[in-house]
Amino acid sequence: MRKILEQKLQRFEELERLLVDPDVLAHSARLAAVAREHGSLAKLATKYRRFKDLNRQIREAVEWIDGDDGEMRELAQAELPELKERREALWTELLDMTIGGEDANRSRCVMEIRAGTGGEEAGLFARDLYDMYKHYAEQQRWKIEILGMNSTELGGFKEIILGLEGEGVYRHLQFESGGHRVQRVPETEAKGRIQTSLATVAVMAEPEDVEIELKPDDYRKDIFHASGPGGQHVNKTASAIRLTHYETGIVVSCQDEKSQHKNLAKGLRVLKSRLYERRQQEEHAKRSDERKIKVGSGDRSQRIRTYNFPENRLTDHRINLTLYKLDSILAGNLAPVIDALVEHERQALRSAFGTVE
């Protein structure tokens, strides 16, 4: 915990220096990226600075209490309880702000929703999930943008990739990664039998340009004609982009924009997010001796939640949460689920890192 906070403060101070660096000031795109990252870290870094200053004041007060100056001893004894109380309150705030680990305060993330087993019904369920997250994002006043989409014949999604931006966006959505199962009677089912289908969700923190350096020589760019469901051509211009990262083999495709340039920009955002996610997972694997706090692993293969339509029930299997208001949740009222997951993580953090001594 302290290590993460120290790293964040060091990064913040580095960004402060970059904001006055002539080389950075001369390049507007890099300056904007530095300023954005600086802003995302500002609240956490300034709180941690205050926390460290309170620790210093407490150490000094203890030294005065152990010293020979009676007047200073009396003054320090009077101030010490208040200093400790303020430090405890600030520590609680810092714990809350670090839910989600190193990327807790990211203001941008990429969400990928993919249909799993279940054919067309899985695609329709993927669309239901998209609608749920879209309405929830609107309630939170986050910006939401479609970065990539592959539709099915019946209007569902084989895959849809979203970019979301806003305060607390990653902290709130990070626990959505995993397998989502739906149980319902499909509209195409004449005999009224309940079918089980699956969709997967992945939520990745979106890095700043200065964090993931990606050169044109690092990937292959293929250009092709965009196509819709069933191979139907969306346009006759070769504007769709496929990026293949040489080192990792990660492939990203974007075809929603008519402009090749816009598809490339969106594809690079997704590719950078996947590369950043991969790097973070590798670093976490190296620190396997650390206590695992995060709810679930974020692995798409892990079934995290069931949506049962006949019972109007949602069950989150990680925290044994069951709510009988599925219709409301799918309409975007996801707060009861998100809040419960965040609170579970908060209690785990306090249990592991609750002491400030």
# chains A, B, ... in the order shown; residues from 1 in each chain; ligands from 1
>>> closest_atom_pairs(of="stretch 41-73 of chain A", to="stretch 7-30 of chain A", cutoff="12 Å", atoms="only C-alpha atoms", output="CSV")
residue,atom,partner,partner_atom,distance
A:Leu41,CA,A:Phe12,CA,6.3
A:Ala42,CA,A:Phe12,CA,7.1
A:Lys43,CA,A:Phe12,CA,10.2
A:Leu44,CA,A:Lys8,CA,8.0
A:Ala45,CA,A:Leu9,CA,5.1
A:Thr46,CA,A:Leu9,CA,8.2
A:Lys47,CA,A:Leu9,CA,9.7
A:Tyr48,CA,A:Leu9,CA,7.4
A:Arg49,CA,A:Leu9,CA,7.8
A:Arg50,CA,A:Leu9,CA,11.4
A:Phe51,CA,A:Leu9,CA,11.7
A:Lys52,CA,A:Leu9,CA,10.9
>>> closest_residue(among="A:Glu345, A:Glu257, A:Glu6, A:Glu102", to="A:Glu277", atoms="only C-alpha atoms")
A:Glu102
>>> atom_distance(atom1="atom CA of A:Leu147", atom2="atom CA of A:Arg279")
21.7 Å
>>> residues_around(residues="A:Gly119", least_positions_apart="5", cutoff="10 Å", atoms="only C-alpha atoms", output="ChimeraX atom specification")
/A:124,152,158,197-198
>>> write_last_selection(atoms="C-alpha atoms", output="CSV table (one decimal), in the first residue's frame")
chain,number,residue,atom,x,y,z
A,124,LEU,CA,-28.4,-10.3,-27.8
A,152,THR,CA,-25.1,-10.1,-35.4
A,158,LYS,CA,-20.4,-10.5,-31.4
A,197,SER,CA,-26.0,-18.2,-22.6
A,198,LEU,CA,-22.7,-16.4,-21.9
>>> select_by_dssp(residues="stretch 97-234 of chain A", states="strand (DSSP E)", output="PyMOL selection string")
chain A and resi 108-115+143-151+157-165+178-184+195-205+219-224
>>> write_last_selection(atoms="N, CA and C atoms", output="compact mmCIF listing (two decimals), in the first residue's frame")
# COMPACT_ATOMS: atom_id res chain seq x y z
N ARG A 108 -9.93 7.11 -17.38
CA ARG A 108 -10.31 6.54 -18.68
C ARG A 108 -10.09 5.03 -18.65
N CYS A 109 -10.98 4.31 -19.30
CA CYS A 109 -10.80 2.85 -19.41
C CYS A 109 -11.43 2.37 -20.70
N VAL A 110 -11.04 1.16 -21.08
CA VAL A 110 -11.60 0.51 -22.27
C VAL A 110 -12.35 -0.74 -21.79
N MET A 111 -13.57 -0.90 -22.27
CA MET A 111 -14.39 -2.07 -21.93
C MET A 111 -14.68 -2.86 -23.19
N GLU A 112 -14.43 -4.17 -23.13
CA GLU A 112 -14.73 -5.06 -24.24
C GLU A 112 -15.83 -6.04 -23.80
N ILE A 113 -16.89 -6.12 -24.58
CA ILE A 113 -17.99 -7.05 -24.32
C ILE A 113 -18.06 -8.01 -25.50
N ARG A 114 -17.99 -9.31 -25.22
CA ARG A 114 -18.01 -10.31 -26.29
C ARG A 114 -19.06 -11.38 -26.01
N ALA A 115 -19.76 -11.79 -27.06
CA ALA A 115 -20.71 -12.91 -26.94
C ALA A 115 -19.91 -14.20 -26.76
N LYS A 143 -18.33 10.11 -20.16
CA LYS A 143 -18.36 10.07 -21.61
C LYS A 143 -18.22 8.62 -22.06
N ILE A 144 -18.96 8.24 -23.09
CA ILE A 144 -18.87 6.87 -23.60
C ILE A 144 -18.77 6.94 -25.12
N GLU A 145 -17.87 6.14 -25.67
CA GLU A 145 -17.60 6.16 -27.10
C GLU A 145 -17.42 4.73 -27.59
N ILE A 146 -17.99 4.41 -28.73
CA ILE A 146 -17.80 3.09 -29.33
C ILE A 146 -16.50 3.09 -30.12
N LEU A 147 -15.58 2.21 -29.74
CA LEU A 147 -14.29 2.11 -30.41
C LEU A 147 -14.28 1.01 -31.47
N GLY A 148 -15.14 0.04 -31.31
CA GLY A 148 -15.20 -1.06 -32.27
C GLY A 148 -16.48 -1.85 -32.06
N MET A 149 -17.02 -2.43 -33.13
CA MET A 149 -18.29 -3.13 -33.00
C MET A 149 -18.42 -4.16 -34.11
N ASN A 150 -18.96 -5.33 -33.75
CA ASN A 150 -19.23 -6.39 -34.73
C ASN A 150 -20.61 -6.95 -34.40
N SER A 151 -21.59 -6.61 -35.22
CA SER A 151 -22.98 -6.94 -34.93
C SER A 151 -23.37 -8.32 -35.45
N PHE A 157 -24.54 -8.28 -30.51
CA PHE A 157 -23.13 -8.00 -30.74
C PHE A 157 -22.29 -9.27 -30.59
N LYS A 158 -21.47 -9.53 -31.60
CA LYS A 158 -20.43 -10.52 -31.40
C LYS A 158 -19.36 -9.93 -30.50
N GLU A 159 -19.13 -8.63 -30.69
CA GLU A 159 -18.15 -7.91 -29.88
C GLU A 159 -18.44 -6.42 -29.98
N ILE A 160 -18.26 -5.72 -28.86
CA ILE A 160 -18.32 -4.26 -28.88
C ILE A 160 -17.27 -3.74 -27.90
N ILE A 161 -16.52 -2.75 -28.35
CA ILE A 161 -15.45 -2.17 -27.54
C ILE A 161 -15.78 -0.72 -27.26
N LEU A 162 -15.73 -0.34 -25.98
CA LEU A 162 -16.12 1.00 -25.55
C LEU A 162 -14.96 1.73 -24.92
N GLY A 163 -14.93 3.03 -25.10
CA GLY A 163 -14.02 3.90 -24.36
C GLY A 163 -14.86 4.73 -23.40
N LEU A 164 -14.51 4.72 -22.12
CA LEU A 164 -15.26 5.48 -21.12
C LEU A 164 -14.33 6.44 -20.41
N GLU A 165 -14.85 7.63 -20.10
CA GLU A 165 -14.03 8.64 -19.45
C GLU A 165 -14.86 9.39 -18.41
N GLY A 178 -14.95 -10.43 -16.42
CA GLY A 178 -15.23 -11.83 -16.14
C GLY A 178 -16.38 -12.35 -17.00
N GLY A 179 -16.85 -13.55 -16.67
CA GLY A 179 -17.93 -14.18 -17.41
C GLY A 179 -19.29 -13.84 -16.83
N HIS A 180 -20.21 -13.44 -17.71
CA HIS A 180 -21.58 -13.09 -17.31
C HIS A 180 -22.53 -14.11 -17.94
N ARG A 181 -23.37 -14.75 -17.11
CA ARG A 181 -24.27 -15.80 -17.59
C ARG A 181 -25.71 -15.33 -17.53
N VAL A 182 -26.47 -15.60 -18.58
CA VAL A 182 -27.88 -15.23 -18.60
C VAL A 182 -28.74 -16.49 -18.70
N GLN A 183 -29.83 -16.50 -17.97
CA GLN A 183 -30.81 -17.59 -18.02
C GLN A 183 -32.16 -16.98 -18.35
N ARG A 184 -32.69 -17.30 -19.54
CA ARG A 184 -33.99 -16.76 -19.93
C ARG A 184 -34.54 -17.55 -21.11
N GLN A 195 -32.98 -20.98 -21.67
CA GLN A 195 -31.66 -21.24 -22.26
C GLN A 195 -30.60 -20.48 -21.47
N THR A 196 -29.45 -21.07 -21.34
CA THR A 196 -28.32 -20.41 -20.68
C THR A 196 -27.31 -19.98 -21.74
N SER A 197 -26.94 -18.71 -21.72
CA SER A 197 -25.96 -18.17 -22.65
C SER A 197 -24.92 -17.39 -21.87
N LEU A 198 -23.82 -17.10 -22.54
CA LEU A 198 -22.70 -16.44 -21.86
C LEU A 198 -22.19 -15.25 -22.67
N ALA A 199 -21.67 -14.29 -21.96
CA ALA A 199 -20.93 -13.18 -22.55
C ALA A 199 -19.77 -12.86 -21.61
N THR A 200 -18.71 -12.31 -22.17
CA THR A 200 -17.57 -11.95 -21.33
C THR A 200 -17.32 -10.45 -21.40
N VAL A 201 -16.81 -9.92 -20.31
CA VAL A 201 -16.49 -8.50 -20.21
C VAL A 201 -15.04 -8.37 -19.75
N ALA A 202 -14.32 -7.44 -20.35
CA ALA A 202 -12.97 -7.11 -19.89
C ALA A 202 -12.89 -5.60 -19.75
N VAL A 203 -12.43 -5.14 -18.59
CA VAL A 203 -12.26 -3.71 -18.35
C VAL A 203 -10.77 -3.44 -18.13
N MET A 204 -10.21 -2.57 -18.95
CA MET A 204 -8.78 -2.28 -18.90
C MET A 204 -8.55 -0.79 -18.71
N ALA A 205 -7.66 -0.44 -17.79
CA ALA A 205 -7.29 0.96 -17.63
C ALA A 205 -6.64 1.45 -18.92
N TYR A 219 4.17 -2.65 -34.94
CA TYR A 219 2.95 -3.37 -35.33
C TYR A 219 2.78 -3.36 -36.86
N ARG A 220 2.00 -4.32 -37.34
CA ARG A 220 1.64 -4.36 -38.76
C ARG A 220 0.25 -3.76 -38.92
N LYS A 221 0.08 -2.92 -39.91
CA LYS A 221 -1.22 -2.30 -40.17
C LYS A 221 -1.78 -2.85 -41.48
N ASP A 222 -2.94 -3.50 -41.40
CA ASP A 222 -3.62 -4.00 -42.59
C ASP A 222 -4.88 -3.19 -42.81
N ILE A 223 -5.16 -2.86 -44.05
CA ILE A 223 -6.35 -2.07 -44.41
C ILE A 223 -7.28 -2.95 -45.23
N PHE A 224 -8.59 -2.91 -44.89
CA PHE A 224 -9.55 -3.73 -45.62
C PHE A 224 -10.90 -3.04 -45.66
>>> closest_residue(among="A:Ile241, A:Leu31, A:Ala331, A:Ala348", to="A:Cys254", atoms="only C-alpha atoms")
A:Ile241
>>> closest_residue(among="A:Leu341, A:Ala265, A:Ala122, A:Leu154", to="A:Gln174", atoms="only C-alpha atoms")
A:Leu341
